[in-house]
Each structure stands twice: as C-alpha cells, then as structure tokens.
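Source file input_33.txt; content: compact mmCIF, C-alpha atoms.
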```txt
# COMPACT_ATOMS: atom_id res chain seq x y z
CA MET N 308 0.00 0.00 0.00
CA THR N 309 1.38 3.44 -0.83
CA VAL N 310 2.01 5.88 1.95
CA ARG N 311 0.04 9.09 1.72
CA ILE N 312 1.52 12.46 2.49
CA MET N 313 -0.74 14.84 4.36
CA LYS N 314 -0.15 18.58 4.25
CA PRO N 315 -0.82 20.88 7.22
CA VAL N 316 -3.72 22.46 5.30
CA GLU N 317 -5.44 19.03 5.27
CA VAL N 318 -4.75 18.43 8.96
CA ALA N 319 -6.40 21.78 9.67
CA ARG N 320 -9.66 20.43 8.24
CA TYR N 321 -9.66 17.50 10.71
CA SER N 322 -8.89 19.87 13.53
CA ILE N 323 -11.48 22.54 12.68
CA ASP N 324 -14.25 20.39 11.16
CA LYS N 325 -13.89 17.80 13.96
CA LYS N 326 -13.31 14.96 11.51
CA PRO N 327 -12.10 11.76 13.22
CA LEU N 328 -8.33 11.30 13.02
CA TYR N 329 -5.88 9.00 14.75
CA ILE N 330 -2.44 10.45 15.29
CA LEU N 331 0.51 8.17 15.86
CA ASP N 332 3.01 10.66 17.26
CA VAL N 333 6.50 9.16 17.09
CA ARG N 334 8.38 11.98 18.81
CA ASN N 335 9.83 11.33 22.24
CA GLU N 336 7.46 11.47 25.18
CA ASP N 337 8.60 14.86 26.51
CA ALA N 338 8.00 16.54 23.17
CA PHE N 339 4.55 14.97 22.86
CA VAL N 340 3.47 15.93 26.37
CA ASP N 341 4.70 19.49 25.84
CA TRP N 342 2.98 20.11 22.53
CA LYS N 343 0.93 18.24 19.92
CA ILE N 344 -1.65 18.67 17.16
CA GLU N 345 -4.88 19.54 18.93
CA GLY N 346 -8.41 18.65 17.94
CA GLU N 347 -11.56 17.48 19.69
CA SER N 348 -11.97 14.60 17.24
CA ILE N 349 -8.36 13.43 17.40
CA GLU N 350 -7.18 10.30 19.21
CA TYR N 351 -3.50 9.79 19.96
CA LEU N 352 -0.87 7.16 20.44
CA ASN N 353 2.62 8.32 21.37
CA ILE N 354 5.45 5.86 20.80
CA PRO N 355 8.91 7.19 19.92
CA TYR N 356 10.15 6.03 16.53
CA PHE N 357 13.29 4.60 18.11
CA ASP N 358 11.15 2.09 20.00
CA LEU N 359 9.68 0.86 16.73
CA LEU N 360 12.89 0.19 14.82
CA ASP N 361 12.56 -3.57 15.38
CA GLY N 362 9.13 -3.52 13.80
CA VAL N 363 5.64 -2.16 14.15
CA ASP N 364 3.96 -5.43 15.14
CA GLU N 365 3.31 -4.32 18.69
CA ILE N 366 1.23 -1.32 17.63
CA LYS N 367 -0.45 -2.77 14.55
CA GLY N 368 -3.32 -4.17 16.58
CA GLU N 369 -3.86 -0.87 18.37
CA LEU N 370 -4.41 1.21 15.26
CA PRO N 371 -8.07 1.79 14.36
CA LYS N 372 -9.65 0.65 11.11
CA ASP N 373 -12.49 3.16 11.15
CA ARG N 374 -10.58 6.46 11.03
CA ASP N 375 -7.71 7.98 9.11
CA ILE N 376 -4.27 7.47 10.58
CA LEU N 377 -1.57 10.14 10.52
CA VAL N 378 2.01 9.54 11.63
CA VAL N 379 3.67 12.68 13.03
CA CYS N 380 7.20 13.56 14.11
CA ALA N 381 9.27 16.70 14.58
CA LYS N 382 10.46 17.28 11.03
CA GLU N 383 9.11 14.44 8.85
CA GLY N 384 11.91 11.86 8.47
CA SER N 385 10.98 9.53 11.30
CA SER N 386 7.25 9.66 10.60
CA GLN N 387 7.91 8.78 6.96
CA MET N 388 9.99 5.80 8.03
CA ILE N 389 7.34 4.50 10.45
CA ALA N 390 4.54 5.16 7.94
CA GLU N 391 6.43 3.11 5.37
CA MET N 392 6.90 0.28 7.85
CA LEU N 393 3.16 0.27 8.59
CA SER N 394 2.38 0.44 4.91
CA GLU N 395 4.53 -2.63 4.24
CA GLU N 396 2.37 -4.42 6.77
CA GLY N 397 -0.66 -3.54 4.66
CA MET N 398 -1.89 -0.56 6.66
CA ASP N 399 -3.31 2.55 5.03
CA VAL N 400 -1.54 5.49 6.70
CA ALA N 401 -0.29 9.00 5.99
CA TYR N 402 2.55 11.04 7.41
CA LEU N 403 2.63 14.80 8.02
CA GLU N 404 4.61 16.74 5.44
CA GLY N 405 7.22 18.84 7.22
CA GLY N 406 6.30 17.42 10.63
CA MET N 407 5.46 19.54 13.66
CA LYS N 408 7.76 22.21 12.33
CA ALA N 409 5.47 22.78 9.34
CA TRP N 410 2.38 22.46 11.54
CA SER N 411 3.73 25.21 13.78
CA GLU N 412 4.00 27.53 10.77
CA TYR N 413 0.66 26.82 9.16
CA LEU N 414 -1.83 29.69 9.07
CA GLU N 415 -5.49 29.26 8.18
CA PRO N 416 -7.07 32.48 6.87
CA VAL N 417 -10.66 32.85 8.11
CA LYS N 418 -12.98 35.70 7.20
CA VAL N 419 -14.45 37.07 10.42
CA GLY N 420 -16.50 39.89 9.04
CA THR N 421 -17.70 42.14 6.26
CA LEU N 422 -17.06 45.79 7.10
CA LYS N 423 -19.66 48.54 6.75
CA SER N 424 -18.08 49.95 3.63
CA GLY N 425 -17.86 46.52 2.02
CA GLY N 426 -14.33 45.74 3.17
CA GLU N 427 -13.26 42.55 4.88
CA LEU N 428 -11.66 41.50 8.14
CA TYR N 429 -9.58 38.35 8.13
CA GLN N 430 -8.19 36.36 11.00
CA PHE N 431 -5.14 34.16 10.43
CA VAL N 432 -5.36 31.18 12.73
CA ARG N 433 -2.03 29.59 13.57
CA LEU N 434 -3.47 26.28 14.74
CA GLY N 435 -0.16 24.78 15.80
CA LYS N 436 0.73 27.58 18.18
CA GLY N 437 -2.57 29.25 18.97
CA CYS N 438 -1.51 32.63 17.56
CA LEU N 439 -3.99 34.89 15.78
CA SER N 440 -3.12 37.65 13.32
CA TYR N 441 -5.42 40.03 11.46
CA MET N 442 -5.80 41.88 8.19
CA VAL N 443 -8.25 44.71 7.56
CA ILE N 444 -8.89 45.15 3.85
CA ASP N 445 -10.92 47.98 2.38
CA ALA N 446 -10.90 49.73 -1.00
CA GLY N 447 -7.52 48.39 -2.10
CA LYS N 448 -5.80 49.23 1.22
CA ALA N 449 -4.84 46.95 4.05
CA ALA N 450 -3.64 46.99 7.65
CA VAL N 451 -1.98 44.03 9.35
CA ILE N 452 -2.13 43.45 13.11
CA ASP N 453 0.11 41.07 15.08
CA ALA N 454 1.65 39.40 12.05
CA THR N 455 3.71 36.23 12.49
CA ARG N 456 7.16 35.74 10.97
CA MET N 457 5.63 33.84 8.00
CA THR N 458 5.45 37.19 6.27
CA ASP N 459 5.07 35.90 2.69
CA LEU N 460 1.64 34.64 3.54
CA PHE N 461 0.45 38.13 4.51
CA LEU N 462 2.14 39.77 1.53
CA ASP N 463 0.67 37.21 -0.89
CA PHE N 464 -2.76 37.41 0.70
CA ALA N 465 -2.89 41.20 0.31
CA LYS N 466 -1.70 40.88 -3.28
CA GLU N 467 -4.36 38.31 -4.05
CA LYS N 468 -6.95 40.72 -2.66
CA GLY N 469 -5.48 43.56 -4.70
CA ALA N 470 -4.69 45.53 -1.56
CA THR N 471 -1.67 47.61 -0.56
CA ILE N 472 -0.55 47.20 3.04
CA GLU N 473 -0.22 50.72 4.48
CA HIS N 474 -0.27 50.12 8.22
CA VAL N 475 1.33 47.41 10.31
CA PHE N 476 0.59 47.18 14.04
CA ASP N 477 1.79 45.07 16.91
CA THR N 478 -0.51 45.25 19.93
CA HIS N 479 2.56 44.77 22.14
CA LEU N 480 6.12 43.49 22.09
CA HIS N 481 5.51 39.76 21.72
CA ALA N 482 7.25 37.20 23.92
CA ASP N 483 5.88 33.96 22.52
CA HIS N 484 6.43 34.37 18.79
CA ILE N 485 8.60 36.39 16.45
CA SER N 486 6.74 39.30 14.93
CA GLY N 487 6.65 39.68 11.16
CA GLY N 488 5.54 43.30 11.49
CA ARG N 489 8.82 45.00 10.76
CA VAL N 490 9.60 42.75 7.77
CA ILE N 491 6.17 43.38 6.25
CA ALA N 492 6.52 47.13 6.77
CA GLU N 493 9.96 47.13 5.13
CA ALA N 494 8.71 45.08 2.18
CA THR N 495 5.69 47.29 1.53
CA GLY N 496 6.78 50.72 2.72
CA ALA N 497 3.99 50.61 5.29
CA THR N 498 4.19 52.39 8.65
CA TYR N 499 5.08 50.08 11.54
CA TYR N 500 3.51 50.97 14.87
CA LEU N 501 4.55 49.73 18.30
CA PRO N 502 3.52 50.98 21.76
CA SER N 503 6.46 53.12 22.91
CA GLN N 504 6.25 51.76 26.50
CA ASP N 505 7.17 48.32 25.13
CA ALA N 506 9.79 49.66 22.77
CA GLU N 507 12.37 51.23 25.09
CA GLU N 508 15.05 48.77 24.01
CA VAL N 509 14.00 48.60 20.37
CA VAL N 510 16.89 49.35 18.02
CA PHE N 511 14.97 50.24 14.84
CA ASP N 512 12.69 53.11 13.84
CA TYR N 513 8.99 52.68 14.50
CA HIS N 514 5.91 54.83 14.76
CA LYS N 515 4.51 55.41 18.24
CA LEU N 516 1.23 53.69 18.93
CA GLY N 517 -0.69 55.66 21.54
CA ASP N 518 -4.18 55.82 22.99
CA GLY N 519 -6.73 57.28 20.61
CA LEU N 520 -4.58 56.94 17.50
CA ARG N 521 -6.92 56.74 14.53
CA VAL N 522 -6.00 55.50 11.08
CA THR N 523 -8.28 54.76 8.17
CA VAL N 524 -7.90 51.74 5.93
CA GLY N 525 -9.88 52.63 2.83
CA LYS N 526 -12.99 53.95 4.56
CA THR N 527 -12.65 51.75 7.63
CA LEU N 528 -11.64 53.31 10.92
CA VAL N 529 -9.08 51.59 13.14
CA GLU N 530 -8.80 53.17 16.57
CA ALA N 531 -6.24 52.42 19.28
CA VAL N 532 -7.37 51.86 22.88
CA PHE N 533 -4.59 51.85 25.46
CA SER N 534 -5.04 48.63 27.47
CA PRO N 535 -1.91 47.87 29.52
CA GLY N 536 -1.45 44.81 31.72
CA HIS N 537 0.17 42.03 29.70
CA THR N 538 2.91 44.51 28.95
CA SER N 539 3.01 48.16 30.00
CA GLY N 540 2.24 49.29 26.47
CA SER N 541 -0.37 46.73 25.41
CA THR N 542 -2.88 48.41 23.12
CA SER N 543 -6.18 47.15 21.72
CA PHE N 544 -7.88 48.19 18.50
CA VAL N 545 -11.49 48.92 17.67
CA VAL N 546 -12.06 48.19 13.99
CA ASP N 547 -15.06 49.61 12.16
CA GLU N 548 -16.74 50.33 15.52
CA SER N 549 -17.62 46.63 15.58
CA TYR N 550 -14.58 44.55 16.43
CA LEU N 551 -12.26 44.71 19.43
CA LEU N 552 -8.79 43.33 18.85
CA THR N 553 -7.59 42.65 22.38
CA GLY N 554 -4.04 41.44 21.77
CA ASP N 555 -2.80 39.39 24.73
CA ILE N 556 -5.01 41.14 27.28
CA LEU N 557 -8.31 39.30 26.93
CA PHE N 558 -8.80 35.87 25.38
CA ILE N 559 -11.95 33.79 24.91
CA ASP N 560 -11.79 31.90 28.18
CA SER N 561 -8.76 33.40 29.89
CA ILE N 562 -6.83 36.62 30.36
CA GLY N 563 -3.28 37.78 29.69
CA ARG N 564 -0.43 37.04 32.07
CA PRO N 565 1.50 40.04 33.33
CA ASP N 566 4.86 38.40 33.96
CA LEU N 567 6.54 37.82 30.61
CA ALA N 568 8.43 41.07 30.71
CA GLY N 569 9.28 40.37 34.35
CA MET N 570 6.90 42.82 36.03
CA ALA N 571 3.94 40.75 37.24
CA ASP N 572 3.47 42.63 40.50
CA ASP N 573 3.66 46.07 38.96
CA TRP N 574 1.36 45.36 36.06
CA VAL N 575 -1.37 43.43 37.77
CA GLY N 576 -3.09 46.71 38.65
CA ASP N 577 -2.96 47.83 35.03
CA LEU N 578 -4.39 44.52 33.91
CA ARG N 579 -7.24 44.82 36.38
CA THR N 580 -8.03 48.38 35.31
CA THR N 581 -8.03 47.45 31.64
CA LEU N 582 -10.25 44.42 32.05
CA TYR N 583 -12.63 45.70 34.71
CA ASN N 584 -12.82 49.42 33.85
CA ARG N 585 -11.48 50.31 30.42
CA TYR N 586 -13.25 47.52 28.54
CA GLU N 587 -16.42 48.16 30.56
CA GLN N 588 -16.64 51.58 28.90
CA LEU N 589 -16.73 50.04 25.43
CA SER N 590 -19.82 48.79 23.64
CA GLU N 591 -20.76 45.28 24.78
CA GLU N 592 -21.73 44.55 21.21
CA LEU N 593 -18.11 44.57 20.06
CA VAL N 594 -16.83 41.23 18.80
CA VAL N 595 -13.66 40.32 20.66
CA LEU N 596 -10.80 39.07 18.48
CA PRO N 597 -7.81 38.06 20.63
CA ALA N 598 -4.19 37.44 19.61
CA HIS N 599 -4.27 33.87 20.97
CA PHE N 600 -6.43 30.91 21.74
CA MET N 601 -5.52 28.15 24.17
CA GLU N 602 -7.70 25.19 23.30
CA MET N 603 -9.51 23.97 20.20
CA LYS N 604 -12.85 24.29 21.99
CA GLU N 605 -12.40 28.07 21.75
CA VAL N 606 -12.44 27.77 17.96
CA ASN N 607 -15.88 28.36 16.40
CA ALA N 608 -17.36 25.96 13.85
CA ASP N 609 -16.26 28.23 10.99
CA GLY N 610 -12.66 28.14 12.22
CA SER N 611 -12.69 31.62 13.72
CA VAL N 612 -11.85 32.61 17.28
CA ALA N 613 -14.32 35.35 18.18
CA LYS N 614 -16.97 36.14 20.77
CA LYS N 615 -19.05 39.14 21.78
CA LEU N 616 -17.67 41.25 24.60
CA SER N 617 -20.99 40.85 26.48
CA THR N 618 -20.57 37.06 26.38
CA LEU N 619 -17.04 37.30 27.73
CA PHE N 620 -18.18 39.58 30.55
CA SER N 621 -20.52 36.83 31.70
CA GLU N 622 -18.47 33.73 30.83
CA ASN N 623 -14.71 34.40 30.73
CA HIS N 624 -13.06 33.02 33.87
CA GLY N 625 -10.72 36.00 34.19
CA LEU N 626 -13.57 38.52 34.20
CA GLN N 627 -15.50 36.97 37.10
CA VAL N 628 -13.08 37.77 39.92
CA GLU N 629 -14.68 40.49 42.00
CA ASP N 630 -12.07 40.55 44.75
CA GLU N 631 -8.90 42.46 43.88
CA ASN N 632 -6.62 40.36 46.05
CA GLU N 633 -8.00 37.19 44.59
CA PHE N 634 -7.35 38.65 41.15
CA ARG N 635 -3.79 39.51 42.11
CA GLU N 636 -3.21 35.93 43.24
CA LEU N 637 -4.72 34.54 40.06
CA VAL N 638 -2.38 36.42 37.77
CA THR N 639 0.82 36.33 39.83
CA GLU N 640 0.79 32.87 41.40
CA ASN N 641 0.68 29.41 39.86
CA LEU N 642 1.44 30.83 36.44
CA PRO N 643 2.04 28.30 33.66
CA PRO N 644 5.66 27.80 32.51
CA GLN N 645 6.95 30.60 30.34
CA PRO N 646 7.01 30.12 26.56
CA ASN N 647 10.05 28.49 24.97
CA ALA N 648 12.95 30.96 24.53
CA TYR N 649 10.71 33.90 25.47
CA GLN N 650 13.59 36.19 26.42
CA GLU N 651 15.36 35.57 23.11
CA ILE N 652 12.06 36.08 21.27
CA ARG N 653 11.56 39.44 22.99
CA LYS N 654 15.08 40.51 22.08
CA THR N 655 14.53 39.42 18.48
CA ASN N 656 11.36 41.50 18.35
CA MET N 657 13.39 44.46 19.64
CA GLY N 658 15.91 43.96 16.87
CA VAL N 659 18.65 43.29 19.46
CA LEU N 660 19.08 39.68 18.32
CA THR N 661 18.96 38.70 14.64
CA PRO N 662 18.84 34.90 14.53
CA ASP N 663 18.76 33.11 11.16
CA ALA N 664 15.52 31.56 9.87
CA GLU N 665 16.28 28.08 11.21
CA THR N 666 17.07 29.41 14.68
CA GLN N 667 13.87 31.49 14.66
CA ARG N 668 11.94 28.31 13.91
CA GLU N 669 13.59 26.46 16.79
CA MET N 670 12.90 29.35 19.18
CA GLU N 671 9.19 29.16 18.49
CA ILE N 672 8.81 25.42 18.92
CA GLY N 673 6.23 24.47 21.51
CA PRO N 674 2.91 25.83 22.67
CA ASN N 675 2.17 29.46 23.48
CA ARG N 676 1.64 30.15 27.14
CA CYS N 677 0.41 33.71 27.34
CA ALA N 678 -2.71 33.18 29.42
CA VAL N 679 -3.88 32.56 32.93
CA ARG N 680 -7.30 31.33 33.89
CA MET R 1218 36.52 10.54 27.68
CA LYS R 1219 37.89 7.51 25.87
CA ALA R 1220 35.54 5.40 23.81
CA ASP R 1221 35.90 1.82 22.56
CA HIS R 1222 33.88 2.45 19.41
CA PHE R 1223 33.18 5.51 17.32
CA LEU R 1224 30.28 6.47 15.04
CA ASP R 1225 30.27 9.52 12.79
CA ALA R 1226 26.64 10.43 12.17
CA THR R 1227 27.32 14.05 11.23
CA GLY R 1228 25.38 15.43 8.29
CA LEU R 1229 22.59 12.89 8.78
CA SER R 1230 19.09 13.96 9.72
CA CYS R 1231 16.47 12.27 11.82
CA PRO R 1232 15.90 9.30 12.06
CA MET R 1233 19.29 8.22 10.69
CA PRO R 1234 21.49 9.21 13.67
CA ILE R 1235 19.46 6.88 15.91
CA VAL R 1236 19.17 4.13 13.30
CA LYS R 1237 22.97 4.18 12.81
CA THR R 1238 23.63 4.33 16.55
CA ARG R 1239 21.38 1.36 17.10
CA ASN R 1240 23.19 -0.64 14.41
CA ALA R 1241 26.60 0.37 15.70
CA MET R 1242 25.58 -0.70 19.19
CA LYS R 1243 25.24 -4.29 17.96
CA ASP R 1244 29.05 -4.53 17.69
CA VAL R 1245 29.58 -3.05 21.15
CA ASN R 1246 29.99 -5.36 24.14
CA SER R 1247 28.13 -4.71 27.35
CA GLY R 1248 30.08 -2.21 29.46
CA GLU R 1249 31.96 -0.75 26.48
CA ILE R 1250 31.57 2.85 25.38
CA LEU R 1251 30.34 4.10 22.01
CA GLU R 1252 31.08 7.68 20.97
CA VAL R 1253 28.54 9.22 18.57
CA LYS R 1254 28.88 12.52 16.75
CA THR R 1255 25.82 14.13 15.14
CA THR R 1256 24.87 17.52 13.74
CA ASP R 1257 21.13 16.94 14.00
CA LYS R 1258 19.67 19.12 16.74
CA GLY R 1259 16.66 16.86 17.12
CA ALA R 1260 18.95 13.94 17.86
CA LYS R 1261 19.96 15.62 21.11
CA ALA R 1262 16.80 14.77 23.03
CA ASP R 1263 16.11 11.63 21.02
CA LEU R 1264 19.52 10.04 21.62
CA ALA R 1265 19.19 10.66 25.33
CA ALA R 1266 15.69 9.16 25.37
CA TRP R 1267 16.72 6.22 23.20
CA THR R 1268 19.71 5.47 25.42
CA LYS R 1269 17.42 5.29 28.42
CA SER R 1270 14.74 3.19 26.76
CA GLY R 1271 17.40 0.79 25.44
CA GLY R 1272 18.80 0.24 28.92
CA HIS R 1273 22.10 1.98 28.17
CA GLU R 1274 23.80 4.77 30.06
CA LEU R 1275 24.51 8.24 28.70
CA LEU R 1276 27.85 9.09 30.30
CA GLU R 1277 28.52 12.43 28.69
CA GLN R 1278 26.99 14.80 26.19
CA THR R 1279 28.85 17.79 24.79
CA GLU R 1280 28.30 20.40 22.12
CA SER R 1281 30.79 22.44 20.14
CA ASP R 1282 30.45 24.19 16.77
CA ASN R 1283 27.03 22.61 16.25
CA VAL R 1284 28.42 19.10 16.62
CA TYR R 1285 26.86 17.06 19.40
CA THR R 1286 28.95 14.33 20.93
CA PHE R 1287 27.53 11.48 23.02
CA PHE R 1288 29.33 8.86 25.06
CA ILE R 1289 27.03 5.90 25.59
CA LYS R 1290 27.87 2.89 27.75
CA LYS R 1291 26.16 -0.26 26.60
CA GLY R 1292 23.85 -1.83 29.17
```
Encoded form using structure tokens:
Amino acid sequence: MTVRIMKPVEVARYSIDKKPLYILDVRNEDAFVDWKIEGESIEYLNIPYFDLLDGVDEIKGELPKDRDILVVCAKEGSSQMIAEMLSEEGMDVAYLEGGMKAWSEYLEPVKVGTLKSGGELYQFVRLGKGCLSYMVIDAGKAAVIDATRMTDLFLDFAKEKGATIEHVFDTHLHADHISGGRVIAEATGATYYLPSQDAEEVVFDYHKLGDGLRVTVGKTLVEAVFSPGHTSGSTSFVVDESYLLTGDILFIDSIGRPDLAGMADDWVGDLRTTLYNRYEQLSEELVVLPAHFMEMKEVNADGSVAKKLSTLFSENHGLQVEDENEFRELVTENLPPQPNAYQEIRKTNMGVLTPDAETQREMEIGPNRCAVR
Amino acid sequence: MKADHFLDATGLSCPMPIVKTRNAMKDVNSGEILEVKTTDKGAKADLAAWTKSGGHELLEQTESDNVYTFFIKKG
C-alpha cells in the first residue's frame, strides 16, 4: 500500500471540522506531552520512533480501522519511516509533510467579518501555536495586526486581494512568537507601529502607537485603545466600531499574564483596570478578536476565534473575579511555565538579536503560554 | 573521555542518527563505550531518550560548533 503524504492544510480540516483522526506521534514522550496537534476529534498514540525500529507489530493491533491514521514527528523523516513500515504491513496510513515544524508555521485564513463599507476583516489562525493575526482590507488598502514571521503569507494574501498594506501594528512586544511586522513594513513601505512603552530597548525606527490613534484603511476606521497589563504598552484596537482586537489582554476563556516582561506585581493593577474598567466603557456589542487561543474548543465551527464582549463579561473566567486580592493571586501565582525561549524572542522583536531563519523556527517550537485562567 | 567504538553520524538527519547508533551498538559489548557525533539538533533529546529506553547509560553529552557528541555505555 502506498504511503500518503498529508499537508498541514489538510490536517487543519480535521482539527477545525472535527473529523475523526488517529495520530501516531513518534516523537519522544517529553516533546509529545509538551505540545501536539490539537483537535476534539483526534485520538492519539505516542510511541517514539526509536522504540519501533525492530518492527511495528506491537502497535499494529492498536491502530483503528475506522478512522484515518496520521504519523507525526518533529520534522518528517521519522514519521515517513514509520509510515512506510506500517504500509509494508498492509496498513493505510499518511505522514505529516514537514512534521510539527510545518504544523507550527501553518496559518489558516478565516474571514471574520464584512465591514460597513464593504471591506473585509480576516483572521489568520495559527493552529499549531494558537496565535492569531489580522488583516483589515478595504478599497484596495490593508492593515496588518500582530503578524507572524511567516510574512510571505500576509504579503501574498494582500496581493491576491489587490490591496496595498499601508499600516502594520503590533498590539505589544511579543514574547511567545517572532513578529513579522517590521519585515512586512519594510517590504511594503507601510508604517510600523509599536507601543512606545514596550519599545524602550527597540533598536529600529517605528511609529509610536498611543491611545486614541486613529487610522483609516480605505474607509474603515481603526482606533487604538490603550489597554496595559500584559505589557506596560499593550494596546487594543477597535475596527469599524464593531470589532475589538484585544491582543494578549483578553482571550476567549482566559486573560493575559502580566509576567513575561518580568513585572507581574507592577502590572497586575494595570491589567485589572483594563479588564474591569477600560473595557467596561466600550460597547458590549463589540466582537472580541484576541491574539491567541488556548484550546480547540475556543475555535468556532467556521474556524474563527471570536466572541461578543458581552458574552465574555458573563463567561470568561478571568472577568468573574470580584475581589482584587484574589485577582492579584490569580495572575501572579501558579502561572504556567513561560514560553520556549521567550527572552530571546523578545530581544529578536526588539531587533537586538537577529537569529537566522532556522534558529527562529527552533525558538518558536512548543505551545504558546500567554494566558492565565 | 575515551571510547571503545566511534560512530560519525554528522550530516545525517532524523531518524538516521538513531538508526545508525542502534546498528553500531550491535558490535559493542556490554560495558563498552560508544562515541557518537551528530549535527542533528533533534537527535539531542532523542539520543538521550533512546539510550534510556534501550537500557544503556549516557555518560557524557557535549556540544561544540554545532556538533553534538555522546558517550554511551552499553547496558
């Protein structure tokens, strides 16, 4: 039987559409426990490839007959080998092209809204890492928010839509992934905005992103709302008076952590003020579009990650803590481990470090851990 | 550290460093030491995990100029 090769774009369908899939993950146990392909309809078996070199007999009986089987490893080589061994035994299996490395870089563009003037708002869902980026497109112009380092995808997408990227924003200095903002701005001549409070150590020129900054993309208004707490400069955006891009401050079922720039105790007050006062002053009808999601259950049936602000006020765990001390404990104690290489990632986003493409990839391996709940 | 056997697995990518190490181990007597050199970053964690699951002992692991060197004592 021939071995099939599955691309990340196909795996995304299983993950989003909840199609049954069986993943035989042949990375070592630590890697699997740390980070894997997520999906509510996915079943897993983790056996390192080096324990299968004598043959696949021991797992043959465990593999299901009634769902597709995908063999996964870090880069591809080992999963291909194991898939071929299974295939020689008459099993119908596929392996993941490019492995977890490719999965980590895959972005699924999802349209989240039609704007009043006829423009479009797209969300780019990075399923493997839980990162979300955005593009506002209207009348041949575009703005990009929180772009990932896979910059070609954003440049090609805008081109396909016949739009010129004029504005590039980062809601804050990211600590979990390398921003593609500066590269996109350089490639297009667009203005790159960063909150100045986050940019004290930045070594390149940028435009200051401050509270109340208004830019228009075509006829669509994008307005900055200062919302510190994850970092001291964290800024949200209201797009078309209908969408609230919250960055790493407010997620679907959790809130931002204040410690990744090392200032948890100082910023917890800011975080509280943003979530419990600043956002309260905004229209509850706004659709919240965060910069991350944590679990596949936060992903809507259409693949988007979005919920009304009013819903989050009543359901989000981080917005239900009335007591200030309790809130302080929640966001400063028992925090999850910090993201892989987060200090190096911050320095890269400041322009202080300039690692090559392969090193950048390695730095981003693993899950994002920007939330507390 | 002095090894009894040596395997050059540089330039090879996953899974070959482990496959070669496993084959080389067949000619190693229990208690003897095999030195393995690899340039594959992924092999770092995998070789350590494989050593453990195979009942061997990882005596030393060093890195210089992107070459990873392992000294494995056969169990």
Using all atoms listed in the file, which chain N residues lie at most 10 Å away from chain R, written as a PyMOL selection string? chain N and resi 334-338+355-358+360+380-389+669
Could you save the residues just selected, with C-alpha atoms, as a PDB file, in the coordinates of the input?
```pdb
ATOM      1  CA  ARG N 334       8.380  11.980  18.810  1.00  0.00           C
ATOM      2  CA  ASN N 335       9.830  11.330  22.240  1.00  0.00           C
ATOM      3  CA  GLU N 336       7.460  11.470  25.180  1.00  0.00           C
ATOM      4  CA  ASP N 337       8.600  14.860  26.510  1.00  0.00           C
ATOM      5  CA  ALA N 338       8.000  16.540  23.170  1.00  0.00           C
ATOM      6  CA  PRO N 355       8.910   7.190  19.920  1.00  0.00           C
ATOM      7  CA  TYR N 356      10.150   6.030  16.530  1.00  0.00           C
ATOM      8  CA  PHE N 357      13.290   4.600  18.110  1.00  0.00           C
ATOM      9  CA  ASP N 358      11.150   2.090  20.000  1.00  0.00           C
ATOM     10  CA  LEU N 360      12.890   0.190  14.820  1.00  0.00           C
ATOM     11  CA  CYS N 380       7.200  13.560  14.110  1.00  0.00           C
ATOM     12  CA  ALA N 381       9.270  16.700  14.580  1.00  0.00           C
ATOM     13  CA  LYS N 382      10.460  17.280  11.030  1.00  0.00           C
ATOM     14  CA  GLU N 383       9.110  14.440   8.850  1.00  0.00           C
ATOM     15  CA  GLY N 384      11.910  11.860   8.470  1.00  0.00           C
ATOM     16  CA  SER N 385      10.980   9.530  11.300  1.00  0.00           C
ATOM     17  CA  SER N 386       7.250   9.660  10.600  1.00  0.00           C
ATOM     18  CA  GLN N 387       7.910   8.780   6.960  1.00  0.00           C
ATOM     19  CA  MET N 388       9.990   5.800   8.030  1.00  0.00           C
ATOM     20  CA  ILE N 389       7.340   4.500  10.450  1.00  0.00           C
ATOM     21  CA  GLU N 669      13.590  26.460  16.790  1.00  0.00           C
TER      22      GLU N 669
END
```
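The spacing separating atom CA of Asp1225 of chain R from atom CA of Lys1254 of chain R amounts to 5.2 Å.
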Leu434 of chain N environment, 12 Å, all atoms listed in the file, sequence neighbours closer than 2 positions dropped, as a ChimeraX atom specification: /N:315-316,318-323,342-346,407,409-417,430-432,436-440,599-603,605-606,610-612,673-675
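The closest residue to Thr1256 of chain R, picked from R:His1222, R:Glu1280, R:His1273, R:Gly1292 and counting only C-alpha atoms, is R:Glu1280.
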Give me the residues near Thr581 of chain N as a PyMOL selection string, where near means some atom within 8 Å (using all atoms listed in the file) and where sequence neighbours in that chain fewer than 6 positions away do not count. chain N and resi 534-536
For Phe339 of chain N, please output as a PDB file with C-alpha atoms, keeping the file's coordinate frame all residues within 9 Å (counting all atoms listed in the file; exclusion window: fewer than 6 positions along the same chain).
```pdb
ATOM      1  CA  ASP N 332       3.010  10.660  17.260  1.00  0.00           C
ATOM      2  CA  VAL N 333       6.500   9.160  17.090  1.00  0.00           C
ATOM      3  CA  ASN N 353       2.620   8.320  21.370  1.00  0.00           C
TER       4      ASN N 353
END
```
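Taking only C-alpha atoms into account, Ile354 of chain N lies nearest to N:Leu331 out of the set N:Leu331, N:Leu370, N:Met442, N:Leu582.
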